[in-house]
$ cat structure_24.txt   # compact mmCIF, C-alpha atoms
# COMPACT_ATOMS: atom_id res chain seq x y z
CA MET A 1 19.46 51.77 -10.26
CA SER A 2 16.49 50.54 -8.29
CA PRO A 3 16.39 46.85 -7.36
CA LEU A 4 14.31 44.43 -9.41
CA PHE A 5 11.94 43.56 -6.59
CA SER A 6 11.56 45.43 -3.34
CA ALA A 7 9.24 45.78 -0.41
CA HIS A 8 8.72 49.01 1.47
CA ASN A 9 7.34 49.61 4.92
CA LEU A 10 5.30 46.39 5.08
CA THR A 11 2.95 45.92 7.99
CA LEU A 12 0.64 42.93 8.13
CA ILE A 13 -1.99 42.34 10.77
CA ARG A 14 -3.88 39.07 10.96
CA GLY A 15 -6.82 39.20 13.35
CA GLU A 16 -5.46 40.78 16.52
CA ARG A 17 -1.82 39.92 15.87
CA CYS A 18 0.73 42.08 14.14
CA LEU A 19 2.93 39.65 12.17
CA PHE A 20 5.51 42.21 11.06
CA ARG A 21 5.82 45.96 11.13
CA GLU A 22 7.63 48.36 8.81
CA LEU A 23 9.53 45.60 7.04
CA ASP A 24 11.78 46.50 4.11
CA PHE A 25 13.79 44.35 1.76
CA ALA A 26 15.16 44.47 -1.77
CA LEU A 27 16.22 41.82 -4.21
CA ASP A 28 18.06 41.89 -7.50
CA ALA A 29 18.28 39.46 -10.38
CA GLY A 30 20.16 36.33 -9.39
CA GLU A 31 19.59 36.72 -5.67
CA LEU A 32 17.91 34.47 -3.16
CA LEU A 33 15.88 35.88 -0.30
CA LEU A 34 15.50 33.58 2.68
CA LEU A 35 12.61 34.25 5.02
CA GLU A 36 13.47 33.02 8.46
CA GLY A 37 11.60 32.90 11.70
CA ARG A 38 9.92 30.51 14.06
CA ASN A 39 6.61 28.78 13.30
CA GLY A 40 3.76 31.23 13.02
CA SER A 41 6.01 34.24 12.53
CA GLY A 42 4.33 35.14 9.24
CA LYS A 43 6.56 33.66 6.53
CA THR A 44 3.66 32.12 4.63
CA SER A 45 1.57 35.25 5.17
CA LEU A 46 4.32 37.36 3.64
CA LEU A 47 4.40 35.08 0.57
CA LYS A 48 0.61 35.32 0.33
CA ALA A 49 0.83 39.09 0.55
CA ILE A 50 3.32 39.14 -2.33
CA VAL A 51 0.89 37.11 -4.45
CA GLY A 52 -1.90 39.46 -3.42
CA LEU A 53 -4.01 37.04 -1.40
CA LEU A 54 -3.62 39.06 1.79
CA GLU A 55 -4.16 42.77 2.16
CA LEU A 56 -1.27 44.66 3.70
CA GLU A 57 -2.00 47.15 6.46
CA THR A 58 0.65 49.49 5.09
CA GLY A 59 3.40 49.36 2.52
CA GLU A 60 3.85 48.19 -1.05
CA PHE A 61 5.86 45.89 -3.27
CA ARG A 62 7.69 47.23 -6.29
CA TRP A 63 8.61 45.20 -9.37
CA GLN A 64 10.89 46.58 -12.09
CA GLY A 65 10.55 50.03 -10.62
CA ALA A 66 6.75 50.28 -10.50
CA PRO A 67 4.26 49.30 -7.78
CA VAL A 68 3.00 45.73 -8.12
CA SER A 69 -0.57 46.88 -7.51
CA ALA A 70 -0.43 48.87 -10.76
CA GLN A 71 0.72 45.86 -12.83
CA ARG A 72 -0.74 42.89 -10.98
CA GLN A 73 -1.36 40.77 -14.07
CA ALA A 74 2.10 41.25 -15.58
CA PHE A 75 3.63 40.56 -12.17
CA LEU A 76 1.66 37.33 -11.67
CA ALA A 77 2.51 36.26 -15.23
CA ASP A 78 6.18 36.38 -14.25
CA LEU A 79 5.73 34.58 -10.95
CA VAL A 80 5.26 31.00 -9.89
CA TRP A 81 4.26 30.10 -6.35
CA LEU A 82 5.08 26.78 -4.79
CA ALA A 83 2.75 26.84 -1.80
CA HIS A 84 2.72 24.45 1.13
CA ARG A 85 -0.36 22.78 -0.34
CA THR A 86 0.79 21.99 -3.84
CA GLY A 87 -2.52 22.44 -5.69
CA LEU A 88 -2.08 19.12 -7.47
CA LYS A 89 -5.12 16.87 -7.85
CA PRO A 90 -4.72 13.44 -6.22
CA ASP A 91 -6.97 11.82 -8.85
CA LEU A 92 -4.97 13.05 -11.84
CA THR A 93 -1.64 11.78 -13.10
CA PRO A 94 1.48 13.99 -12.93
CA VAL A 95 1.19 14.72 -16.66
CA GLU A 96 -2.50 15.68 -16.42
CA ASN A 97 -1.79 17.88 -13.41
CA LEU A 98 1.07 19.69 -15.09
CA SER A 99 -0.76 20.08 -18.42
CA PHE A 100 -3.44 22.11 -16.64
CA GLU A 101 -0.85 24.76 -15.79
CA SER A 102 -0.71 25.79 -19.44
CA ALA A 103 -4.23 27.20 -19.01
CA LEU A 104 -3.00 29.46 -16.23
CA ARG A 105 0.36 30.84 -17.35
CA ALA A 106 3.10 30.67 -19.94
CA PHE A 107 4.15 27.05 -19.67
CA ARG A 108 6.33 24.64 -21.63
CA SER A 109 3.91 21.71 -21.82
CA GLN A 110 6.06 20.00 -24.45
CA ASP A 111 8.89 19.61 -21.92
CA ILE A 112 6.86 17.89 -19.19
CA ASP A 113 8.59 14.54 -19.67
CA ALA A 114 12.03 16.13 -19.54
CA ALA A 115 11.17 17.93 -16.30
CA LEU A 116 9.76 14.77 -14.70
CA GLU A 117 12.88 12.91 -15.81
CA ARG A 118 15.14 15.48 -14.20
CA LEU A 119 13.21 15.20 -10.95
CA GLY A 120 13.38 11.42 -11.09
CA VAL A 121 9.64 10.75 -11.31
CA LEU A 122 9.24 10.04 -15.02
CA ARG A 123 8.32 6.38 -14.52
CA LEU A 124 5.34 7.52 -12.39
CA ARG A 125 3.90 9.73 -15.11
CA LYS A 126 0.81 7.59 -15.70
CA LEU A 127 -0.08 6.91 -12.05
CA PRO A 128 -2.67 8.93 -10.13
CA LEU A 129 -0.93 11.29 -7.77
CA ARG A 130 -2.58 9.74 -4.71
CA SER A 131 -0.50 6.59 -5.20
CA LEU A 132 2.77 8.55 -5.02
CA SER A 133 4.66 9.14 -1.78
CA ALA A 134 4.72 12.62 -0.25
CA GLY A 135 8.26 13.19 -1.50
CA GLN A 136 7.38 12.05 -5.01
CA GLN A 137 4.35 14.37 -5.03
CA ARG A 138 6.61 17.22 -3.97
CA ARG A 139 8.94 16.41 -6.87
CA VAL A 140 6.01 16.60 -9.31
CA ALA A 141 5.10 19.99 -7.84
CA LEU A 142 8.70 21.14 -8.36
CA ALA A 143 8.38 20.29 -12.06
CA ARG A 144 6.02 23.29 -12.28
CA LEU A 145 8.93 25.58 -11.48
CA LEU A 146 11.05 24.14 -14.27
CA LEU A 147 8.26 24.45 -16.83
CA ALA A 148 6.76 27.81 -15.93
CA GLN A 149 8.43 30.66 -17.75
CA ALA A 150 8.59 32.89 -14.72
CA SER A 151 11.48 34.79 -13.23
CA ILE A 152 10.14 35.08 -9.66
CA TRP A 153 9.95 31.86 -7.69
CA LEU A 154 8.07 31.97 -4.40
CA MET A 155 8.67 28.85 -2.36
CA ASP A 156 7.11 27.88 0.94
CA GLU A 157 9.26 25.27 2.71
CA PRO A 158 10.20 23.62 -0.60
CA PHE A 159 12.48 21.04 1.03
CA THR A 160 9.64 19.42 2.98
CA ASN A 161 9.42 15.65 2.39
CA LEU A 162 12.48 15.56 0.12
CA ASP A 163 15.27 13.06 0.72
CA SER A 164 18.90 14.23 0.79
CA GLU A 165 19.36 13.58 -2.93
CA GLY A 166 16.17 15.56 -3.60
CA ARG A 167 17.42 18.43 -1.45
CA THR A 168 20.65 18.62 -3.46
CA LEU A 169 18.69 18.44 -6.71
CA LEU A 170 16.35 21.26 -5.67
CA GLY A 171 19.35 23.30 -4.53
CA ASP A 172 20.91 22.84 -7.99
CA ILE A 173 17.65 23.78 -9.72
CA VAL A 174 17.31 26.97 -7.67
CA THR A 175 20.97 27.83 -8.25
CA GLU A 176 20.54 27.42 -12.02
CA HIS A 177 17.44 29.61 -11.96
CA LEU A 178 19.30 32.34 -10.10
CA GLU A 179 22.31 32.09 -12.42
CA SER A 180 20.04 32.65 -15.40
CA GLY A 181 18.89 35.92 -13.88
CA GLY A 182 15.79 34.83 -11.97
CA LEU A 183 15.09 35.56 -8.35
CA CYS A 184 13.76 33.43 -5.58
CA ILE A 185 12.00 34.13 -2.29
CA MET A 186 12.00 31.13 -0.01
CA ALA A 187 10.61 30.44 3.43
CA ALA A 188 12.92 27.91 4.99
CA HIS A 189 13.81 26.58 8.43
CA GLN A 190 17.12 24.90 7.68
CA GLU A 191 20.18 25.93 5.76
CA VAL A 192 19.52 25.59 2.05
CA PRO A 193 22.03 24.04 -0.38
CA VAL A 194 21.89 26.97 -2.80
CA ASP A 195 25.08 28.50 -4.14
CA ALA A 196 24.07 32.09 -4.90
CA PRO A 197 24.07 35.55 -3.34
CA THR A 198 21.67 35.29 -0.44
CA ARG A 199 19.83 37.89 1.57
CA ARG A 200 17.99 37.12 4.75
CA VAL A 201 14.92 38.55 6.41
CA THR A 202 14.07 37.43 9.90
CA LEU A 203 10.44 37.78 10.86
CA MET B 1 15.35 35.59 -17.89
CA SER B 2 13.35 38.67 -17.08
CA GLN B 3 13.91 40.25 -20.47
CA GLN B 4 12.09 37.47 -22.32
CA SER B 5 8.49 38.43 -22.90
CA THR B 6 6.04 36.31 -20.94
CA GLN B 7 3.09 35.19 -23.01
CA ILE B 8 -0.09 34.69 -21.02
CA PRO B 9 -2.44 32.08 -22.52
CA GLY B 10 -5.69 33.53 -23.86
CA LEU B 11 -8.92 33.77 -21.89
CA LEU B 12 -10.46 30.94 -23.86
CA ALA B 13 -7.51 28.70 -23.00
CA GLY B 14 -8.10 29.51 -19.33
CA LEU B 15 -11.82 28.76 -19.55
CA LEU B 16 -11.41 25.54 -21.53
CA GLY B 17 -8.45 24.40 -19.44
CA THR B 18 -10.41 24.66 -16.19
CA LEU B 19 -13.46 23.09 -17.81
CA ARG B 20 -11.39 20.22 -19.16
CA ARG B 21 -9.70 19.54 -15.85
CA ASP B 22 -12.98 19.49 -13.92
CA LEU B 23 -14.61 17.18 -16.46
CA LEU B 24 -11.57 14.90 -16.24
CA LEU B 25 -11.86 14.89 -12.45
CA ALA B 26 -15.58 14.06 -12.69
CA TRP B 27 -14.73 11.22 -15.09
CA LYS B 28 -12.21 9.82 -12.60
CA ARG B 29 -14.65 10.10 -9.70
CA PRO B 30 -17.99 9.07 -11.21
CA GLY B 31 -19.54 8.70 -7.75
CA ASP B 32 -19.63 12.48 -7.29
CA VAL B 33 -21.69 12.82 -10.47
CA LEU B 34 -23.90 9.78 -9.94
CA ASN B 35 -24.86 10.48 -6.32
CA PRO B 36 -27.09 13.52 -7.01
CA LEU B 37 -28.57 11.72 -10.04
CA PHE B 38 -29.36 8.71 -7.92
CA PHE B 39 -30.94 11.01 -5.33
CA PHE B 40 -33.05 12.68 -8.04
CA THR B 41 -34.29 9.33 -9.34
CA MET B 42 -35.01 8.04 -5.84
CA VAL B 43 -37.09 11.05 -4.81
CA CYS B 44 -39.01 10.93 -8.08
CA THR B 45 -39.75 7.21 -7.81
CA LEU B 46 -40.71 7.34 -4.13
CA PHE B 47 -43.36 10.01 -4.63
CA PRO B 48 -45.76 7.84 -6.67
CA VAL B 49 -45.48 5.17 -3.99
CA ALA B 50 -46.47 7.69 -1.32
CA ILE B 51 -49.14 9.58 -3.28
CA GLY B 52 -50.87 6.57 -4.76
CA PRO B 53 -51.21 5.22 -8.27
CA SER B 54 -54.06 7.46 -9.48
CA VAL B 55 -53.04 8.84 -12.88
CA GLU B 56 -54.68 12.27 -12.40
CA GLN B 57 -52.99 12.84 -9.06
CA LEU B 58 -49.59 11.81 -10.44
CA ALA B 59 -49.82 14.03 -13.49
CA PHE B 60 -50.92 16.91 -11.23
CA ALA B 61 -47.98 16.48 -8.85
CA ALA B 62 -45.37 15.69 -11.50
CA PRO B 63 -43.99 19.21 -12.26
CA GLY B 64 -43.60 20.04 -8.57
CA VAL B 65 -41.98 16.75 -7.65
CA LEU B 66 -39.57 16.85 -10.57
CA TRP B 67 -38.55 20.42 -9.90
CA VAL B 68 -38.10 20.05 -6.14
CA ALA B 69 -36.04 16.91 -6.70
CA ALA B 70 -33.91 18.69 -9.30
CA LEU B 71 -33.36 21.67 -6.99
CA LEU B 72 -32.31 19.46 -4.07
CA ALA B 73 -30.06 17.33 -6.27
CA THR B 74 -28.30 20.48 -7.50
CA LEU B 75 -27.85 21.75 -3.95
CA LEU B 76 -26.38 18.39 -3.02
CA SER B 77 -23.74 18.62 -5.72
CA LEU B 78 -22.91 22.29 -5.12
CA ASN B 79 -21.17 21.72 -1.83
CA SER B 80 -18.24 20.00 -3.48
CA LEU B 81 -17.78 22.63 -6.20
CA PHE B 82 -14.85 24.40 -4.53
CA LEU B 83 -14.25 22.19 -1.49
CA ALA B 84 -11.62 19.85 -2.95
CA ASP B 85 -9.88 22.78 -4.64
CA HIS B 86 -9.79 24.60 -1.33
CA GLU B 87 -8.30 21.63 0.51
CA ASP B 88 -5.57 20.76 -1.97
CA GLY B 89 -4.51 24.37 -2.60
CA SER B 90 -5.74 24.62 -6.22
CA ILE B 91 -7.77 27.72 -5.41
CA GLU B 92 -4.64 29.53 -4.27
CA GLN B 93 -2.98 28.61 -7.56
CA LEU B 94 -5.98 29.96 -9.49
CA LEU B 95 -5.78 33.19 -7.47
CA ALA B 96 -2.04 33.45 -8.14
CA SER B 97 -2.48 33.06 -11.87
CA PRO B 98 -2.41 35.99 -14.28
CA GLN B 99 -5.72 34.79 -15.74
CA PRO B 100 -8.79 36.72 -14.53
CA LEU B 101 -10.42 34.68 -11.78
CA VAL B 102 -13.86 35.26 -13.35
CA VAL B 103 -12.86 33.23 -16.40
CA LEU B 104 -11.50 30.36 -14.34
CA THR B 105 -14.54 30.17 -12.06
CA LEU B 106 -16.84 30.33 -15.07
CA GLY B 107 -15.01 27.29 -16.42
CA LYS B 108 -15.57 25.47 -13.15
CA THR B 109 -19.26 26.43 -13.07
CA THR B 110 -19.72 25.26 -16.65
CA ALA B 111 -18.17 21.93 -15.73
CA HIS B 112 -20.53 21.75 -12.76
CA TRP B 113 -23.56 22.29 -14.97
CA LEU B 114 -22.38 19.73 -17.52
CA THR B 115 -21.95 17.11 -14.79
CA SER B 116 -24.99 17.93 -12.63
CA GLY B 117 -27.57 19.97 -14.55
CA LEU B 118 -27.32 18.35 -17.95
CA PRO B 119 -27.66 14.74 -16.70
CA LEU B 120 -30.86 15.79 -14.86
CA VAL B 121 -32.25 17.22 -18.09
CA VAL B 122 -31.38 14.04 -19.98
CA LEU B 123 -32.86 11.81 -17.31
CA SER B 124 -36.08 13.80 -16.83
CA PRO B 125 -38.11 12.43 -19.80
CA LEU B 126 -37.98 8.95 -18.28
CA ILE B 127 -39.31 10.28 -14.99
CA ALA B 128 -41.94 12.38 -16.78
CA LEU B 129 -43.21 9.34 -18.65
CA ALA B 130 -43.46 7.42 -15.39
CA PHE B 131 -45.59 10.28 -14.02
CA ARG B 132 -47.85 10.19 -17.10
CA LEU B 133 -47.09 13.74 -18.13
CA PRO B 134 -48.61 14.37 -21.59
CA PRO B 135 -45.83 13.51 -24.10
CA GLY B 136 -46.21 16.91 -25.77
CA THR B 137 -45.11 18.72 -22.59
CA ILE B 138 -41.94 16.72 -22.06
CA TRP B 139 -39.79 19.01 -24.18
CA VAL B 140 -41.22 22.02 -22.27
CA MET B 141 -40.13 20.39 -19.05
CA MET B 142 -36.67 19.65 -20.45
CA THR B 143 -36.28 23.27 -21.56
CA THR B 144 -37.34 24.64 -18.17
CA LEU B 145 -34.96 22.22 -16.43
CA ALA B 146 -32.09 23.16 -18.73
CA LEU B 147 -32.59 26.91 -18.22
CA GLY B 148 -33.31 26.50 -14.51
CA THR B 149 -30.28 24.33 -13.76
CA ILE B 150 -28.02 26.83 -15.56
CA SER B 151 -29.27 29.51 -13.16
CA LEU B 152 -28.94 27.17 -10.18
CA SER B 153 -25.33 26.23 -11.04
CA LEU B 154 -24.37 29.88 -11.46
CA LEU B 155 -26.12 31.13 -8.32
CA GLY B 156 -24.93 28.10 -6.41
CA SER B 157 -21.32 28.80 -7.30
CA VAL B 158 -21.60 32.14 -5.49
CA GLY B 159 -22.86 30.41 -2.36
CA ALA B 160 -20.29 27.64 -2.65
CA ALA B 161 -17.50 30.20 -2.97
CA LEU B 162 -18.74 32.13 0.07
CA THR B 163 -19.02 29.07 2.30
CA VAL B 164 -15.92 27.18 1.15
CA GLY B 165 -13.77 28.38 4.03
CA LEU B 166 -16.33 27.40 6.64
CA HIS B 167 -16.46 23.95 8.09
CA ARG B 168 -19.79 22.28 7.51
CA GLY B 169 -21.08 25.15 5.41
CA THR B 170 -23.72 22.98 3.73
CA ALA B 171 -26.68 24.28 5.74
CA LEU B 172 -25.55 27.86 5.27
CA LEU B 173 -25.08 27.27 1.56
CA SER B 174 -28.68 26.04 1.22
CA LEU B 175 -29.96 29.04 3.19
CA LEU B 176 -28.05 31.43 0.95
CA ILE B 177 -29.13 29.83 -2.29
CA LEU B 178 -32.78 28.98 -1.64
CA PRO B 179 -34.19 32.53 -1.77
CA LEU B 180 -32.42 33.12 -5.08
CA ALA B 181 -33.59 29.75 -6.37
CA MET B 182 -37.27 30.40 -5.57
CA PRO B 183 -38.06 32.23 -8.83
CA VAL B 184 -36.54 29.34 -10.76
CA LEU B 185 -38.66 26.84 -8.86
CA ILE B 186 -41.86 28.86 -9.24
CA PHE B 187 -41.45 29.60 -12.94
CA GLY B 188 -40.24 26.07 -13.64
CA THR B 189 -43.18 24.28 -12.04
CA ARG B 190 -45.82 26.75 -13.25
CA THR B 191 -44.59 26.56 -16.84
CA VAL B 192 -44.74 22.77 -16.89
CA SER B 193 -48.18 22.77 -15.20
CA LEU B 194 -49.54 25.28 -17.72
CA ALA B 195 -48.14 23.28 -20.62
CA ALA B 196 -49.64 20.08 -19.21
CA ALA B 197 -53.05 21.79 -18.91
CA GLY B 198 -52.81 23.02 -22.49
CA ASP B 199 -52.53 26.71 -21.59
CA ALA B 200 -50.09 29.32 -22.91
CA TYR B 201 -46.71 28.83 -21.24
CA SER B 202 -44.13 30.75 -23.28
CA MET B 203 -44.03 33.57 -20.68
CA GLY B 204 -42.50 31.16 -18.18
CA LEU B 205 -39.82 30.03 -20.60
CA PHE B 206 -38.90 33.64 -21.36
CA ALA B 207 -38.72 34.48 -17.65
CA LEU B 208 -36.48 31.46 -16.99
CA ALA B 209 -34.26 32.39 -19.93
CA ALA B 210 -34.01 35.97 -18.68
CA TYR B 211 -33.10 34.75 -15.22
CA ALA B 212 -30.41 32.48 -16.67
CA VAL B 213 -28.95 35.34 -18.72
CA GLY B 214 -28.96 37.58 -15.67
CA ALA B 215 -27.24 34.93 -13.59
CA LEU B 216 -24.69 34.30 -16.35
CA SER B 217 -23.75 37.96 -16.54
CA LEU B 218 -23.55 38.66 -12.79
CA ALA B 219 -22.84 35.45 -10.90
CA PRO B 220 -19.29 34.75 -12.19
CA PHE B 221 -18.10 38.12 -10.89
CA ALA B 222 -19.75 37.52 -7.51
CA THR B 223 -18.20 34.06 -7.38
CA ALA B 224 -14.72 35.41 -8.07
CA ALA B 225 -15.11 38.13 -5.43
CA ALA B 226 -16.44 35.60 -2.91
CA LEU B 227 -13.50 33.26 -3.53
CA ARG B 228 -11.07 36.09 -2.86
CA ILE B 229 -12.81 36.87 0.43
CA SER B 230 -12.89 33.21 1.47
CA ASN B 231 -9.16 32.91 0.89
CA GLU B 232 -8.05 35.93 2.90
$ encode --input "structure_24.txt" --output "C-alpha cells"
Amino acid sequence: MSPLFSAHNLTLIRGERCLFRELDFALDAGELLLLEGRNGSGKTSLLKAIVGLLELETGEFRWQGAPVSAQRQAFLADLVWLAHRTGLKPDLTPVENLSFESALRAFRSQDIDAALERLGVLRLRKLPLRSLSAGQQRRVALARLLLAQASIWLMDEPFTNLDSEGRTLLGDIVTEHLESGGLCIMAAHQEVPVDAPTRRVTL
Amino acid sequence: MSQQSTQIPGLLAGLLGTLRRDLLLAWKRPGDVLNPLFFFTMVCTLFPVAIGPSVEQLAFAAPGVLWVAALLATLLSLNSLFLADHEDGSIEQLLASPQPLVVLTLGKTTAHWLTSGLPLVVLSPLIALAFRLPPGTIWVMMTTLALGTISLSLLGSVGAALTVGLHRGTALLSLLILPLAMPVLIFGTRTVSLAAAGDAYSMGLFALAAYAVGALSLAPFATAAALRISNE
C-alpha cells in the first residue's frame, strides 16, 4: 500500500542556490515528520512548496495515492499551515481572528472558546491581539489547529515563544492529532516532546 | 481523521468572510479610512482659494478638481490594500486556503471600495455645492464617481498586488495604475462638464459603466495571479 503522503525526487532552487536536490520522503497516518537542518537550509521553503507557494524545479508530492497538483483544492482543504508569521490581525481579538478562518476552510467556530480554554488564553478573548505577549499570540494561532478539520498539519517552528508548559501542551496536542490518524510535518530545531512514530529529514 | 469528509465553505462565505474582516479592520482603524477622505476634502477646499472666488471659474474647474482629487485619494488608500496582510502573513494563509484566491481578493477589493470609494461619493455633493455646480448635475457627478471609483479600486488592486513585495512600491504603484486610470478620469470629468453645460452626457455614463464591468470581470483574476507572483 502506498503511503498517505509522499514526496518524490524534490529539487528546489531559490535564486542561484539549490536548497535540496532529489529529496524523497514518505509519511503515513499517525506519523510525525521532522524537518531538520541549520538556518537557511530550506525547511520553510519545503513547507511552502508543499502548500504550493513555491514552484519545484523537479519532483512531486503525492497525497492518498494521487499527485497533489491534480487535486490541489481537496489537498488544501485537508491541510492547515501554521507559518512563522501567524496571519493573525493585531487589531482584532482572538475570537474575531479565529472566526475568520471559517470563511477559508472547514472550521468548528462553535468550539472557539473551548480551544482557547485548552490553550490557556480564554480570559484574553476580548482583547486586541496586539496587547497579548508573543507567547500568548502563538497560543491563539495554535487554536487554529485544534479547530480546523484537517488531517495534515504543517508547522514552522511551532515551539517559538512558548514557555515550558506551553511546549508540553503543544506536544500533547500534536500527539493526540497523530493518534487520531492525522499526520504532521514540522520544521524544528530542538527535540520535540511528541510521543509518536517519528521520521526525520535533514536538509 | 482522514476518512471524514472535509466540507469547504461556499464561495459566498469566502467572499463575505473576507469582506467582513476587512470592514471590521477598517472600523478598528478609522484613521486609514479618514486620511484619504481628509486629503480629498483638503485638495477640494484649497483649489477655490488658489483659483479665486469667481463663480464662473469655480464651476468651470469643479469637475476636474473633484475628479483629480478623487483619483489621488484612491491611489493614496491603495497602497495599504495588501501591505498589512503581507506583513502579518495573512496573504500566505489566503493562498493556502482551498477557497479560490479570486473570490478572496474580490472580497478585499469590495471592502476597499466600500471604505474608500463610497465615502468619496457620499462626500462629493457637499464639495460640488461649494463649487457652485448646478444642483441638477450633482447626481450625474455622484454616478460618475461611483462607477469610476469601482474601476479604480479594481484596477488598483492589481497594482497593489504586484507591488506588495517591493519596499516603497508606492511610486511604482502610481505609475502602473495611472495609464489605466486615464480613461476613467477623462470620461468622468467630461461627463460632469457636459452635464453642467446642459449637453447630452449619457454616453459618458455608459462608457464608465462599461469600463467598470470590464474591470470587474478581469481585474480580480489579474489580482490573484499577481499575488501569487509576489509571494513566490
$ atom_distance --input "structure_24.txt" --atom1 "CA of Met42 in chain B" --atom2 "CA of Thr74 in chain B"
14.2 Å
$ interface_residues --input "structure_24.txt" --of "chain B" --to "chain A" --cutoff "8 Å" --atoms "all atoms listed in the file" --output "ChimeraX atom specification"
/B:1-2,6-9,13-18,21,25,28-29,85,88-99,228,231-232
$ atom_distance --input "structure_24.txt" --atom1 "CA of Ser157 in chain B" --atom2 "CA of Thr109 in chain B"
6.6 Å
$ residues_around --input "structure_24.txt" --residues "Glu57 in chain A" --least-positions-apart "6" --cutoff "7 Å" --atoms "only C-alpha atoms" --output "list of chain:residue names"
A:Thr11, A:Leu12, A:Ile13
$ write_last_selection --input "structure_24.txt" --atoms "C-alpha atoms" --output "mmCIF file, keeping the file's coordinate frame"
data_model
loop_
_atom_site.group_PDB
_atom_site.id
_atom_site.type_symbol
_atom_site.label_atom_id
_atom_site.label_comp_id
_atom_site.auth_asym_id
_atom_site.auth_seq_id
_atom_site.Cartn_x
_atom_site.Cartn_y
_atom_site.Cartn_z
ATOM 1 C CA THR A 11 2.950 45.920 7.990
ATOM 2 C CA LEU A 12 0.640 42.930 8.130
ATOM 3 C CA ILE A 13 -1.990 42.340 10.770
#
$ axis_aligned_box --input "structure_24.txt" --around "range 22-32 of chain A" --padding-each-side "4 Å" --output "lines of an AutoDock Vina configuration file"
center_x = 13.9
center_y = 41.4
center_z = -0.8
size_x = 20.5
size_y = 21.9
size_z = 27.2
$ closest_residue --input "structure_24.txt" --among "B:Ala61, B:Ile177, B:Val140, B:Leu78" --to "Ala195 in chain B" --atoms "all atoms listed in the file"
B:Val140
$ residues_around --input "structure_24.txt" --residues "range 35-41 of chain A" --least-positions-apart "3" --cutoff "8 Å" --atoms "only C-alpha atoms" --output "PDB file with C-alpha atoms, keeping the file's coordinate frame"
ATOM      1  CA  LEU A  19       2.930  39.650  12.170  1.00  0.00           C
ATOM      2  CA  ILE A 185      12.000  34.130  -2.290  1.00  0.00           C
ATOM      3  CA  MET A 186      12.000  31.130  -0.010  1.00  0.00           C
ATOM      4  CA  ALA A 187      10.610  30.440   3.430  1.00  0.00           C
ATOM      5  CA  ALA A 188      12.920  27.910   4.990  1.00  0.00           C
ATOM      6  CA  HIS A 189      13.810  26.580   8.430  1.00  0.00           C
ATOM      7  CA  ARG A 200      17.990  37.120   4.750  1.00  0.00           C
ATOM      8  CA  VAL A 201      14.920  38.550   6.410  1.00  0.00           C
ATOM      9  CA  THR A 202      14.070  37.430   9.900  1.00  0.00           C
ATOM     10  CA  LEU A 203      10.440  37.780  10.860  1.00  0.00           C
TER      11      LEU A 203
END
$ residues_around --input "structure_24.txt" --residues "range 218-226 of chain B" --least-positions-apart "5" --cutoff "7 Å" --atoms "all atoms listed in the file" --output "PDB file with C-alpha atoms, keeping the file's coordinate frame"
ATOM      1  CA  LEU B 101     -10.420  34.680 -11.780  1.00  0.00           C
ATOM      2  CA  VAL B 102     -13.860  35.260 -13.350  1.00  0.00           C
ATOM      3  CA  THR B 105     -14.540  30.170 -12.060  1.00  0.00           C
ATOM      4  CA  LEU B 106     -16.840  30.330 -15.070  1.00  0.00           C
ATOM      5  CA  LEU B 154     -24.370  29.880 -11.460  1.00  0.00           C
ATOM      6  CA  LEU B 155     -26.120  31.130  -8.320  1.00  0.00           C
ATOM      7  CA  SER B 157     -21.320  28.800  -7.300  1.00  0.00           C
ATOM      8  CA  VAL B 158     -21.600  32.140  -5.490  1.00  0.00           C
ATOM      9  CA  ALA B 161     -17.500  30.200  -2.970  1.00  0.00           C
ATOM     10  CA  LEU B 162     -18.740  32.130   0.070  1.00  0.00           C
TER      11      LEU B 162
END
$ closest_residue --input "structure_24.txt" --among "B:Pro179, B:Gly52, B:Pro125, B:Pro36" --to "Leu66 in chain B" --atoms "all atoms listed in the file"
B:Pro125
$ atom_distance --input "structure_24.txt" --atom1 "CA of Leu172 in chain B" --atom2 "CA of Leu152 in chain B"
15.8 Å
